[in-house]
Amino acid sequence: MKYEFARIERKWRDIWASRKTYAARDSGGKPKCYVLIEFPYPSGEGLHVGHARPYTAMDIVARKRRMQGYNVLFPMGFDAFGLPTENYAIKNKLHPADVTEKNIARFTEQLKMLGYSFDWDRVVNTTDPEYYKWTQWIFLKMFEKGLAYKASIPVNWCTSCKCVLANEEVVGGVCERCGSEVVRREKSQWMLKITDYAQRLLDDLDGLDYIERVKTQQRNWIGRSTGAEIVFKTTRGDGLRVFTTRPDTLFGATYMVVSPEHELVKKSADVLENTAEVRDYCESAAKKSDFERTEMAREKTGVRLAGLDAVNPATGWRIPIYISDYVLSTYGAGAIMAVPGHDARDWEFAKKFGLPIVEVVSGGDVEKEAYADCGAGTMVNSDFLNGLSVEAAKAAITKWLAEKGLGEYKVNYKLRDWVFSRQRYWGEPIPIVYCESCGYVAAPESELPVRLPKVESYETTGTGESPLASMGDWVNTTCPSCGGPAARETDTMPQWAGSSWYFLRYADPRNDGELASGEALHRWTPVDWYNGGMEHTTLHLLYSRFWHKFLYDIGVVPTPEPYLKRTSHGMILGEDGQKMSKSRGNVINPGDIVAELGADTLRLYIMFIGDFEKSAPWSTKAVKGCKRFLDRVWNLAEGQPGGGDVYSAAHERAVHRAIKKVGGDIEAMKFNTAIATLMTLVNDFYEAPPSRGDIRALLTLLSPFAPHIAEELWEIQGFGGLACEQPWPEYDDAKTLGGDMEIAVQVGGKLKCAVTVPRDSGEEDVLAAALASDRIAGLAAGKEVARVIYVKNKLINLIIK
RNA sequence: GCCGGUGUGGCGGAACAGGCAGACGCCCGGGACUUAAAAUCCCGUGGGAUAAUAUCCCGUACCGGUUCGAACCCGGUCACCGGCACCA
């Protein structure tokens, strides 16, 4: 009989579906295990072979956990709000909701085709009002707690599309869609105060089992630094606050710089002698696109605030204040004390503008370059700090500042609050109304969800407002607080909103009274193992940790962290080694592979392709090798095994080794070597016929990787039940070892030959065996064995003189 | 510039923890089967010297070190990939 993969795969898919083999049980005594993959954005292109890699990997993990006796939750859903759908819909004059529905149907079909063991009864869809009702609810809770606020901030403005772009829509400084210039523009936006959680997001990383590069990237993104906040007095009498990580260098601060957006500029207009020059500089800085800012980043520019100076509180010097765009308005206090002797940027600026450079830490040559990395230096020219180390000086000056009321110890973060508004149609409406007399008022919970209106045109308006703004009927409403006329918020939430909590909904996806019941959340959360892309590390992964912590604080979820373990997969590249893309024409469609070679072959190959964490190029030839392997398995097991019930010590050892290796490799995500082990096992079975027990073990181990063929052969063999419901096999360590060991024999560290001795032989026996061999006897003849290094069951190294 | 990662055959990649480098697969070569081809099965396959499957030499980006022994540890150099990028 031939291996008819198409028939077999269809058959078992239907059986699993009708039996609900993979449903997560909301009751029962088994320990739970929550295995999660990032739910896809259902794009028009359909399932990509890149999706199959993490999905197959975690499907293998989920299947193994079930076999290990866990009650497994392995769900799937769709993150369906967002720009590509909206743009596609605009272009083709369709409604985004209809496009989404079609895309989800297609994705579902393709995912089912690959035999994933998802619990299909728990599917969530972020665009479903029954779902986004709770996304809105969480937003309202944040609003209630003061974590959602409106602020005027610079946003990306496309000069051609006349609309606001998200950061991720700006590619290389130009609009992703039309290629036109993008400039910054002040706009009032909804913001979420993720910065309130910065320290906890940082601290709690320590206790999590995330791969190291994820932790590092999140730490860098949060960007904690410590130093002091110091207030300088201006000659006008105002206080000018700065943040510095080097308060020890205060005696070397010879001028100050404020960002062009700094309030001091407007506030001091009355005393400025060069108002026009300052205004010009600020205006040109504001007009600069992000692109220009990066391009011109290195060349320092600036204008002095003539007529206004500051006083260095340590030296009493009167020092000038400059305005320059090398100081960012968004970090620290938006102003710095400049210490050109010990900061490369300040040094460059001081040289250009002829400002004094004072050395306060000895060890470098501040006339040649800034001596910035001066941890080993000693303080000089710094009054009471002289002679101290940098570290001691930091402590001393911070204490001094605090005593004098001039400053204090301060922690700063690079992390900024989350811009939560999008002027787009296809997103969750922000459930807020604006009332002239009451301000921003939350929509009452009873009115949730605030639905997206179905309308004719949802194209961008050109004014920078959301398309929703032009829908008078929807916008005009009454104030929930005073009953007067009010207007709905027309901004929608960003793509990241719905995905910030979706894993909670899987626990209880049909609940219409809560986002999920406390009982369900206790049962299933936190997620035990979450795999996803590195590109989400500082976006989705950080955002959802933030939301989860907030929900923990208000008593909705039982744990402060959502995911116990995080791993990440590498990309699948095209056959040419380039990133797969339509324009390059190197896209592999998983559907084609399934049709030609079967889902099991695709699953196997995508796991065999290479190191799971690294990117790997597709190879059409190598896929066939995996098909060949399954053919070999089929030929081995579709009839009665040649070995019958005959016991073979060699096979028993091979099977126990395979159980150990495959199990360990799945846990370590080394799927490629797990499959190599199975291939080796099958090769062994071709050399000497396996017994029924050997076949049984092989099929059990193969079942998570290639579930359809494993199930069919399991049935043919008449083992009873389903292969995927068998207990995961145990191995006996003693049985993985053979009776005799081959010991490598080295002379002076160079391999010469090998001898076979009983396992665990002692040094004398191995040495004797080695010396007895022709090769070593020849080399040692007439010489003395000066030293012997013996590694048990591995090798022996003889030093001969 | 900073942070992180990676450099191993013709190719994808193995090598638990400093102990036989190249598992497994692809490609390629040879053989069996076949009228023939495909498929399948078996054998070979890092480079070089050699009649040789004997033996020897070289070999894990490069240079040096530690060690009985280094792909692995240490110092330095180079290349590539990813992220951040005037963060005070």
# chains A, B, ... in the order shown; residues from 1 in each chain; ligands from 1

call {"tool": "interface_residues", "arguments": {"of": "chain A", "to": "chain B", "cutoff": "6 Å", "atoms": "only C-alpha atoms (C1' of nucleotides)", "output": "MDAnalysis selection string"}}
result
chainID A and resid 244 326 622 676 744 749

call {"tool": "write_last_selection", "arguments": {"atoms": "N, CA and C atoms", "output": "mmCIF file, in the first residue's frame"}}
result
data_model
loop_
_atom_site.group_PDB
_atom_site.id
_atom_site.type_symbol
_atom_site.label_atom_id
_atom_site.label_comp_id
_atom_site.auth_asym_id
_atom_site.auth_seq_id
_atom_site.Cartn_x
_atom_site.Cartn_y
_atom_site.Cartn_z
ATOM 1 N N THR A 244 21.239 64.850 34.956
ATOM 2 C CA THR A 244 22.573 64.412 34.555
ATOM 3 C C THR A 244 22.925 63.099 35.230
ATOM 4 N N TYR A 326 20.394 69.102 19.593
ATOM 5 C CA TYR A 326 21.023 67.862 20.077
ATOM 6 C C TYR A 326 20.511 67.505 21.459
ATOM 7 N N ALA A 622 15.675 19.915 -0.148
ATOM 8 C CA ALA A 622 15.760 19.323 1.181
ATOM 9 C C ALA A 622 14.388 18.905 1.710
ATOM 10 N N ALA A 676 16.612 14.520 13.460
ATOM 11 C CA ALA A 676 17.788 13.754 13.033
ATOM 12 C C ALA A 676 17.871 12.441 13.809
ATOM 13 N N ALA A 744 38.574 6.274 22.654
ATOM 14 C CA ALA A 744 39.538 6.892 21.746
ATOM 15 C C ALA A 744 40.901 6.888 22.415
ATOM 16 N N GLY A 749 47.853 13.914 22.735
ATOM 17 C CA GLY A 749 46.702 14.720 22.349
ATOM 18 C C GLY A 749 46.226 14.473 20.928
#

call {"tool": "select_by_dssp", "arguments": {"residues": "segment 467-593 of chain A", "states": "helix (DSSP H, G or I)", "output": "JSON, numbers by chain"}}
result
{"A": [467, 468, 469, 470, 472, 473, 474, 475, 498, 499, 500, 502, 503, 504, 505, 518, 519, 520, 521, 522, 523, 524, 534, 535, 536, 540, 541, 542, 543, 544, 545, 546, 547, 548, 549, 550, 551, 552, 553, 590, 591, 592, 593]}

call {"tool": "select_by_dssp", "arguments": {"residues": "segment 67-190 of chain A", "states": "strand (DSSP E or B)", "output": "mmCIF file with all heavy atoms, in the first residue's frame"}}
result
data_model
loop_
_atom_site.group_PDB
_atom_site.id
_atom_site.type_symbol
_atom_site.label_atom_id
_atom_site.label_comp_id
_atom_site.auth_asym_id
_atom_site.auth_seq_id
_atom_site.Cartn_x
_atom_site.Cartn_y
_atom_site.Cartn_z
ATOM 1 N N ASN A 71 -3.319 18.983 31.020
ATOM 2 C CA ASN A 71 -4.498 19.558 30.404
ATOM 3 C C ASN A 71 -4.002 20.820 29.694
ATOM 4 O O ASN A 71 -3.636 21.803 30.333
ATOM 5 C CB ASN A 71 -5.508 19.908 31.506
ATOM 6 C CG ASN A 71 -6.768 20.533 30.952
ATOM 7 O OD1 ASN A 71 -7.056 20.450 29.761
ATOM 8 N ND2 ASN A 71 -7.532 21.165 31.835
ATOM 9 N N VAL A 72 -3.945 20.742 28.373
ATOM 10 C CA VAL A 72 -3.244 21.779 27.615
ATOM 11 C C VAL A 72 -4.224 22.770 26.985
ATOM 12 O O VAL A 72 -5.222 22.377 26.400
ATOM 13 C CB VAL A 72 -2.378 21.129 26.508
ATOM 14 C CG1 VAL A 72 -1.819 22.183 25.563
ATOM 15 C CG2 VAL A 72 -1.240 20.321 27.136
ATOM 16 N N LEU A 73 -3.904 24.051 27.148
ATOM 17 C CA LEU A 73 -4.627 25.088 26.424
ATOM 18 C C LEU A 73 -3.692 25.591 25.324
ATOM 19 O O LEU A 73 -2.640 26.170 25.606
ATOM 20 C CB LEU A 73 -5.003 26.234 27.367
ATOM 21 C CG LEU A 73 -5.638 27.490 26.728
ATOM 22 C CD1 LEU A 73 -6.881 27.155 25.917
ATOM 23 C CD2 LEU A 73 -5.975 28.524 27.810
ATOM 24 N N GLY A 77 -6.239 32.601 17.425
ATOM 25 C CA GLY A 77 -7.173 33.699 17.188
ATOM 26 C C GLY A 77 -6.645 34.615 16.104
ATOM 27 O O GLY A 77 -5.660 34.281 15.436
ATOM 28 N N PHE A 78 -7.271 35.772 15.967
ATOM 29 C CA PHE A 78 -6.897 36.674 14.879
ATOM 30 C C PHE A 78 -6.829 38.118 15.351
ATOM 31 O O PHE A 78 -7.763 38.636 15.944
ATOM 32 C CB PHE A 78 -7.890 36.524 13.719
ATOM 33 C CG PHE A 78 -7.869 35.136 13.164
ATOM 34 C CD1 PHE A 78 -8.815 34.191 13.573
ATOM 35 C CD2 PHE A 78 -6.875 34.745 12.294
ATOM 36 C CE1 PHE A 78 -8.767 32.895 13.103
ATOM 37 C CE2 PHE A 78 -6.815 33.452 11.808
ATOM 38 C CZ PHE A 78 -7.768 32.519 12.213
ATOM 39 N N VAL A 124 -10.542 33.686 19.143
ATOM 40 C CA VAL A 124 -10.928 35.082 19.379
ATOM 41 C C VAL A 124 -10.571 35.909 18.149
ATOM 42 O O VAL A 124 -9.699 35.539 17.367
ATOM 43 C CB VAL A 124 -10.237 35.687 20.635
ATOM 44 C CG1 VAL A 124 -10.524 34.865 21.871
ATOM 45 C CG2 VAL A 124 -8.747 35.848 20.427
ATOM 46 N N ASN A 125 -11.282 37.024 18.007
ATOM 47 C CA ASN A 125 -11.092 37.916 16.871
ATOM 48 C C ASN A 125 -11.186 39.331 17.426
ATOM 49 O O ASN A 125 -12.225 39.745 17.935
ATOM 50 C CB ASN A 125 -12.206 37.616 15.851
ATOM 51 C CG ASN A 125 -12.337 38.699 14.799
ATOM 52 O OD1 ASN A 125 -11.577 39.658 14.756
ATOM 53 N ND2 ASN A 125 -13.329 38.533 13.945
ATOM 54 N N ALA A 148 -4.616 56.875 31.357
ATOM 55 C CA ALA A 148 -4.880 57.293 29.978
ATOM 56 C C ALA A 148 -5.144 58.786 30.022
ATOM 57 O O ALA A 148 -5.975 59.246 30.796
ATOM 58 C CB ALA A 148 -6.086 56.547 29.418
ATOM 59 N N TYR A 149 -4.397 59.518 29.227
ATOM 60 C CA TYR A 149 -4.559 60.972 29.258
ATOM 61 C C TYR A 149 -4.324 61.538 27.870
ATOM 62 O O TYR A 149 -3.765 60.878 27.003
ATOM 63 C CB TYR A 149 -3.581 61.585 30.257
ATOM 64 C CG TYR A 149 -2.122 61.402 29.895
ATOM 65 C CD1 TYR A 149 -1.415 62.413 29.251
ATOM 66 C CD2 TYR A 149 -1.455 60.202 30.183
ATOM 67 C CE1 TYR A 149 -0.077 62.243 28.902
ATOM 68 C CE2 TYR A 149 -0.122 60.023 29.835
ATOM 69 C CZ TYR A 149 0.570 61.042 29.198
ATOM 70 O OH TYR A 149 1.881 60.872 28.851
ATOM 71 N N LYS A 150 -4.787 62.750 27.694
ATOM 72 C CA LYS A 150 -4.608 63.381 26.395
ATOM 73 C C LYS A 150 -3.458 64.379 26.474
ATOM 74 O O LYS A 150 -3.328 65.114 27.440
ATOM 75 C CB LYS A 150 -5.898 64.106 25.995
ATOM 76 C CG LYS A 150 -5.990 64.278 24.504
ATOM 77 C CD LYS A 150 -7.326 63.863 23.932
ATOM 78 C CE LYS A 150 -7.182 63.702 22.436
ATOM 79 N NZ LYS A 150 -8.384 64.023 21.686
ATOM 80 N N ALA A 151 -2.603 64.376 25.465
ATOM 81 C CA ALA A 151 -1.473 65.308 25.476
ATOM 82 C C ALA A 151 -1.147 65.736 24.055
ATOM 83 O O ALA A 151 -1.396 65.002 23.107
ATOM 84 C CB ALA A 151 -0.255 64.648 26.098
ATOM 85 N N SER A 152 -0.603 66.939 23.968
ATOM 86 C CA SER A 152 -0.199 67.429 22.665
ATOM 87 C C SER A 152 1.250 67.035 22.437
ATOM 88 O O SER A 152 2.130 67.448 23.180
ATOM 89 C CB SER A 152 -0.350 68.946 22.636
ATOM 90 O OG SER A 152 -0.208 69.396 21.320
ATOM 91 N N ILE A 153 1.470 66.200 21.445
ATOM 92 C CA ILE A 153 2.838 65.730 21.210
ATOM 93 C C ILE A 153 3.132 65.763 19.713
ATOM 94 O O ILE A 153 2.227 65.804 18.889
ATOM 95 C CB ILE A 153 3.031 64.289 21.720
ATOM 96 C CG1 ILE A 153 1.985 63.355 21.068
ATOM 97 C CG2 ILE A 153 2.951 64.198 23.211
ATOM 98 C CD1 ILE A 153 2.546 62.030 20.712
ATOM 99 N N PRO A 154 4.407 65.748 19.367
ATOM 100 C CA PRO A 154 4.738 65.725 17.941
ATOM 101 C C PRO A 154 4.441 64.342 17.347
ATOM 102 O O PRO A 154 4.801 63.332 17.943
ATOM 103 C CB PRO A 154 6.248 65.997 17.914
ATOM 104 C CG PRO A 154 6.690 66.157 19.326
ATOM 105 C CD PRO A 154 5.592 65.739 20.218
ATOM 106 N N VAL A 155 3.755 64.316 16.220
ATOM 107 C CA VAL A 155 3.446 63.046 15.562
ATOM 108 C C VAL A 155 4.000 63.083 14.135
ATOM 109 O O VAL A 155 4.387 64.130 13.629
ATOM 110 C CB VAL A 155 1.926 62.786 15.521
ATOM 111 C CG1 VAL A 155 1.376 62.592 16.913
ATOM 112 C CG2 VAL A 155 1.215 63.918 14.804
ATOM 113 N N ASN A 156 4.017 61.924 13.507
ATOM 114 C CA ASN A 156 4.489 61.831 12.128
ATOM 115 C C ASN A 156 3.376 62.259 11.187
ATOM 116 O O ASN A 156 2.292 61.679 11.203
ATOM 117 C CB ASN A 156 4.890 60.395 11.803
ATOM 118 C CG ASN A 156 5.919 59.864 12.773
ATOM 119 O OD1 ASN A 156 6.986 60.433 12.919
ATOM 120 N ND2 ASN A 156 5.584 58.784 13.460
ATOM 121 N N TRP A 157 3.663 63.222 10.350
ATOM 122 C CA TRP A 157 2.658 63.759 9.440
ATOM 123 C C TRP A 157 3.139 63.577 8.004
ATOM 124 O O TRP A 157 4.214 64.060 7.634
ATOM 125 C CB TRP A 157 2.435 65.238 9.749
ATOM 126 C CG TRP A 157 1.510 65.926 8.817
ATOM 127 C CD1 TRP A 157 1.845 66.726 7.768
ATOM 128 C CD2 TRP A 157 0.085 65.867 8.823
ATOM 129 N NE1 TRP A 157 0.733 67.169 7.128
ATOM 130 C CE2 TRP A 157 -0.375 66.658 7.750
ATOM 131 C CE3 TRP A 157 -0.862 65.213 9.635
ATOM 132 C CZ2 TRP A 157 -1.731 66.826 7.457
ATOM 133 C CZ3 TRP A 157 -2.197 65.391 9.347
ATOM 134 C CH2 TRP A 157 -2.623 66.180 8.280
ATOM 135 N N CYS A 158 2.352 62.861 7.221
ATOM 136 C CA CYS A 158 2.720 62.668 5.829
ATOM 137 C C CYS A 158 2.235 63.870 5.033
ATOM 138 O O CYS A 158 1.043 64.166 5.015
ATOM 139 C CB CYS A 158 2.133 61.391 5.247
ATOM 140 S SG CYS A 158 2.453 61.267 3.478
ATOM 141 N N CYS A 163 -2.135 62.930 6.454
ATOM 142 C CA CYS A 163 -2.646 62.227 7.626
ATOM 143 C C CYS A 163 -1.493 61.826 8.537
ATOM 144 O O CYS A 163 -0.323 61.893 8.162
ATOM 145 C CB CYS A 163 -3.477 61.022 7.215
ATOM 146 S SG CYS A 163 -2.500 59.663 6.605
ATOM 147 N N VAL A 164 -1.858 61.441 9.748
ATOM 148 C CA VAL A 164 -0.894 61.040 10.754
ATOM 149 C C VAL A 164 -0.481 59.593 10.516
ATOM 150 O O VAL A 164 -1.316 58.758 10.200
ATOM 151 C CB VAL A 164 -1.509 61.203 12.162
ATOM 152 C CG1 VAL A 164 -0.630 60.563 13.221
ATOM 153 C CG2 VAL A 164 -1.727 62.675 12.456
ATOM 154 N N LEU A 165 0.777 59.333 10.656
ATOM 155 C CA LEU A 165 1.273 57.972 10.488
ATOM 156 C C LEU A 165 1.808 57.450 11.813
ATOM 157 O O LEU A 165 2.352 58.207 12.604
ATOM 158 C CB LEU A 165 2.405 57.931 9.457
ATOM 159 C CG LEU A 165 2.115 58.405 8.044
ATOM 160 C CD1 LEU A 165 3.369 58.278 7.194
ATOM 161 C CD2 LEU A 165 0.973 57.624 7.428
ATOM 162 N N VAL A 170 6.429 54.761 9.072
ATOM 163 C CA VAL A 170 7.472 55.637 8.539
ATOM 164 C C VAL A 170 8.706 54.774 8.303
ATOM 165 O O VAL A 170 9.275 54.226 9.233
ATOM 166 C CB VAL A 170 7.803 56.762 9.537
ATOM 167 C CG1 VAL A 170 8.813 57.720 8.928
ATOM 168 C CG2 VAL A 170 6.538 57.496 9.932
ATOM 169 N N VAL A 171 9.060 54.614 7.056
ATOM 170 C CA VAL A 171 10.199 53.766 6.726
ATOM 171 C C VAL A 171 11.291 54.624 6.095
ATOM 172 O O VAL A 171 11.086 55.235 5.055
ATOM 173 C CB VAL A 171 9.775 52.626 5.769
ATOM 174 C CG1 VAL A 171 10.982 51.790 5.384
ATOM 175 C CG2 VAL A 171 8.706 51.765 6.420
ATOM 176 N N VAL A 174 10.426 58.328 5.253
ATOM 177 C CA VAL A 174 9.366 58.678 4.302
ATOM 178 C C VAL A 174 8.149 57.794 4.526
ATOM 179 O O VAL A 174 8.210 56.768 5.189
ATOM 180 C CB VAL A 174 9.829 58.543 2.831
ATOM 181 C CG1 VAL A 174 10.997 59.459 2.552
ATOM 182 C CG2 VAL A 174 10.181 57.107 2.506
ATOM 183 N N CYS A 175 7.020 58.251 3.948
ATOM 184 C CA CYS A 175 5.753 57.534 4.107
ATOM 185 C C CYS A 175 5.832 56.176 3.429
ATOM 186 O O CYS A 175 6.233 56.065 2.272
ATOM 187 C CB CYS A 175 4.621 58.368 3.508
ATOM 188 S SG CYS A 175 3.042 57.508 3.506
ATOM 189 N N GLU A 181 7.687 62.879 1.940
ATOM 190 C CA GLU A 181 8.359 63.313 3.148
ATOM 191 C C GLU A 181 7.414 63.265 4.355
ATOM 192 O O GLU A 181 6.233 63.588 4.244
ATOM 193 C CB GLU A 181 8.874 64.739 2.960
ATOM 194 C CG GLU A 181 9.865 65.157 4.020
ATOM 195 C CD GLU A 181 10.166 66.643 3.947
ATOM 196 O OE1 GLU A 181 9.402 67.395 3.304
ATOM 197 O OE2 GLU A 181 11.166 67.052 4.556
ATOM 198 N N VAL A 182 7.960 62.882 5.477
ATOM 199 C CA VAL A 182 7.198 62.862 6.721
ATOM 200 C C VAL A 182 7.795 63.895 7.667
ATOM 201 O O VAL A 182 9.002 63.918 7.867
ATOM 202 C CB VAL A 182 7.251 61.460 7.370
ATOM 203 C CG1 VAL A 182 6.557 61.460 8.718
ATOM 204 C CG2 VAL A 182 6.621 60.426 6.447
ATOM 205 N N VAL A 183 6.966 64.783 8.193
ATOM 206 C CA VAL A 183 7.462 65.777 9.142
ATOM 207 C C VAL A 183 6.774 65.578 10.483
ATOM 208 O O VAL A 183 5.795 64.845 10.589
ATOM 209 C CB VAL A 183 7.212 67.222 8.650
ATOM 210 C CG1 VAL A 183 8.006 67.488 7.393
ATOM 211 C CG2 VAL A 183 5.741 67.470 8.435
ATOM 212 N N ARG A 184 7.324 66.252 11.497
ATOM 213 C CA ARG A 184 6.707 66.158 12.810
ATOM 214 C C ARG A 184 5.719 67.300 12.982
ATOM 215 O O ARG A 184 5.927 68.418 12.508
ATOM 216 C CB ARG A 184 7.783 66.195 13.893
ATOM 217 C CG ARG A 184 8.572 64.899 13.928
ATOM 218 C CD ARG A 184 9.798 64.990 14.796
ATOM 219 N NE ARG A 184 10.532 66.204 14.511
ATOM 220 C CZ ARG A 184 10.832 67.102 15.436
ATOM 221 N NH1 ARG A 184 10.462 66.933 16.670
ATOM 222 N NH2 ARG A 184 11.501 68.183 15.107
ATOM 223 N N ARG A 185 4.636 66.988 13.626
ATOM 224 C CA ARG A 185 3.600 67.984 13.807
ATOM 225 C C ARG A 185 2.989 67.798 15.187
ATOM 226 O O ARG A 185 2.797 66.662 15.629
ATOM 227 C CB ARG A 185 2.506 67.731 12.766
ATOM 228 C CG ARG A 185 1.762 68.973 12.365
ATOM 229 C CD ARG A 185 0.580 68.568 11.530
ATOM 230 N NE ARG A 185 0.443 69.472 10.399
ATOM 231 C CZ ARG A 185 -0.711 69.675 9.775
ATOM 232 N NH1 ARG A 185 -1.784 69.021 10.123
ATOM 233 N NH2 ARG A 185 -0.764 70.516 8.783
ATOM 234 N N GLU A 186 2.704 68.870 15.847
ATOM 235 C CA GLU A 186 2.077 68.787 17.165
ATOM 236 C C GLU A 186 0.626 68.377 17.005
ATOM 237 O O GLU A 186 -0.089 68.906 16.155
ATOM 238 C CB GLU A 186 2.122 70.153 17.857
ATOM 239 C CG GLU A 186 3.479 70.548 18.374
ATOM 240 C CD GLU A 186 3.722 70.105 19.807
ATOM 241 O OE1 GLU A 186 2.809 70.187 20.637
ATOM 242 O OE2 GLU A 186 4.853 69.646 20.094
ATOM 243 N N LYS A 187 0.215 67.407 17.800
ATOM 244 C CA LYS A 187 -1.174 66.996 17.711
ATOM 245 C C LYS A 187 -1.614 66.445 19.052
ATOM 246 O O LYS A 187 -0.804 65.839 19.766
ATOM 247 C CB LYS A 187 -1.321 65.929 16.629
ATOM 248 C CG LYS A 187 -2.729 65.876 16.083
ATOM 249 C CD LYS A 187 -2.824 65.154 14.798
ATOM 250 C CE LYS A 187 -4.237 65.161 14.248
ATOM 251 N NZ LYS A 187 -5.317 65.374 15.209
ATOM 252 N N SER A 188 -2.855 66.648 19.378
ATOM 253 C CA SER A 188 -3.373 66.153 20.642
ATOM 254 C C SER A 188 -3.704 64.661 20.502
ATOM 255 O O SER A 188 -4.449 64.272 19.624
ATOM 256 C CB SER A 188 -4.624 66.942 21.016
ATOM 257 O OG SER A 188 -5.128 66.449 22.227
ATOM 258 N N GLN A 189 -3.088 63.849 21.352
ATOM 259 C CA GLN A 189 -3.220 62.399 21.236
ATOM 260 C C GLN A 189 -3.550 61.770 22.582
ATOM 261 O O GLN A 189 -3.127 62.283 23.621
ATOM 262 C CB GLN A 189 -1.873 61.797 20.795
ATOM 263 C CG GLN A 189 -1.317 62.347 19.510
ATOM 264 C CD GLN A 189 -1.993 61.760 18.310
ATOM 265 O OE1 GLN A 189 -1.918 60.567 18.062
ATOM 266 N NE2 GLN A 189 -2.702 62.585 17.571
ATOM 267 N N TRP A 190 -4.214 60.630 22.526
ATOM 268 C CA TRP A 190 -4.379 59.835 23.745
ATOM 269 C C TRP A 190 -3.074 59.122 24.030
ATOM 270 O O TRP A 190 -2.419 58.603 23.130
ATOM 271 C CB TRP A 190 -5.522 58.822 23.588
ATOM 272 C CG TRP A 190 -6.841 59.490 23.749
ATOM 273 C CD1 TRP A 190 -7.672 59.906 22.761
ATOM 274 C CD2 TRP A 190 -7.446 59.864 24.984
ATOM 275 N NE1 TRP A 190 -8.773 60.527 23.290
ATOM 276 C CE2 TRP A 190 -8.661 60.520 24.660
ATOM 277 C CE3 TRP A 190 -7.097 59.742 26.337
ATOM 278 C CZ2 TRP A 190 -9.529 61.025 25.631
ATOM 279 C CZ3 TRP A 190 -7.952 60.244 27.304
ATOM 280 C CH2 TRP A 190 -9.156 60.879 26.946
#

call {"tool": "residues_around", "arguments": {"residues": "G30 of chain B", "least_positions_apart": "6", "cutoff": "12 Å", "atoms": "only C-alpha atoms (C1' of nucleotides)", "output": "list in words"}}
result
C42, C43, G44 and U45 of chain B

call {"tool": "residues_around", "arguments": {"residues": "Arg53 of chain A", "least_positions_apart": "6", "cutoff": "8 Å", "atoms": "only C-alpha atoms (C1' of nucleotides)", "output": "NGL selection string"}}
result
:A and (569 or 572 or 606-607)

call {"tool": "residues_around", "arguments": {"residues": "Gln199 of chain A", "least_positions_apart": "6", "cutoff": "9 Å", "atoms": "only C-alpha atoms (C1' of nucleotides)", "output": "PyMOL selection string"}}
result
chain A and resi 222+224+413

call {"tool": "residues_around", "arguments": {"residues": "segment 266-270 of chain A", "least_positions_apart": "5", "cutoff": "12 Å", "atoms": "only C-alpha atoms (C1' of nucleotides)", "output": "list in words"}}
result
Thr234, Thr235, Arg236, Gly237, Asp238, Gly239, Leu240, Val258, Ser259, Pro260, Glu261, Thr275, Ala276, Glu277, Val278, Arg279, Cys282, Leu305, Ala306, Gly307, Leu308, Asp309, Ile321 and Ile323 of chain A

call {"tool": "residues_around", "arguments": {"residues": "Tyr543 of chain A", "least_positions_apart": "2", "cutoff": "10 Å", "atoms": "only C-alpha atoms (C1' of nucleotides)", "output": "PyMOL selection string"}}
result
chain A and resi 194+201+418+496-497+499-501+536-541+545-549

call {"tool": "atom_distance", "arguments": {"atom1": "atom CA of Thr216 of chain A", "atom2": "atom CA of Tyr563 of chain A"}}
result
16.6 Å

call {"tool": "atom_distance", "arguments": {"atom1": "atom CA of Val303 of chain A", "atom2": "atom CA of Ser324 of chain A"}}
result
6.7 Å
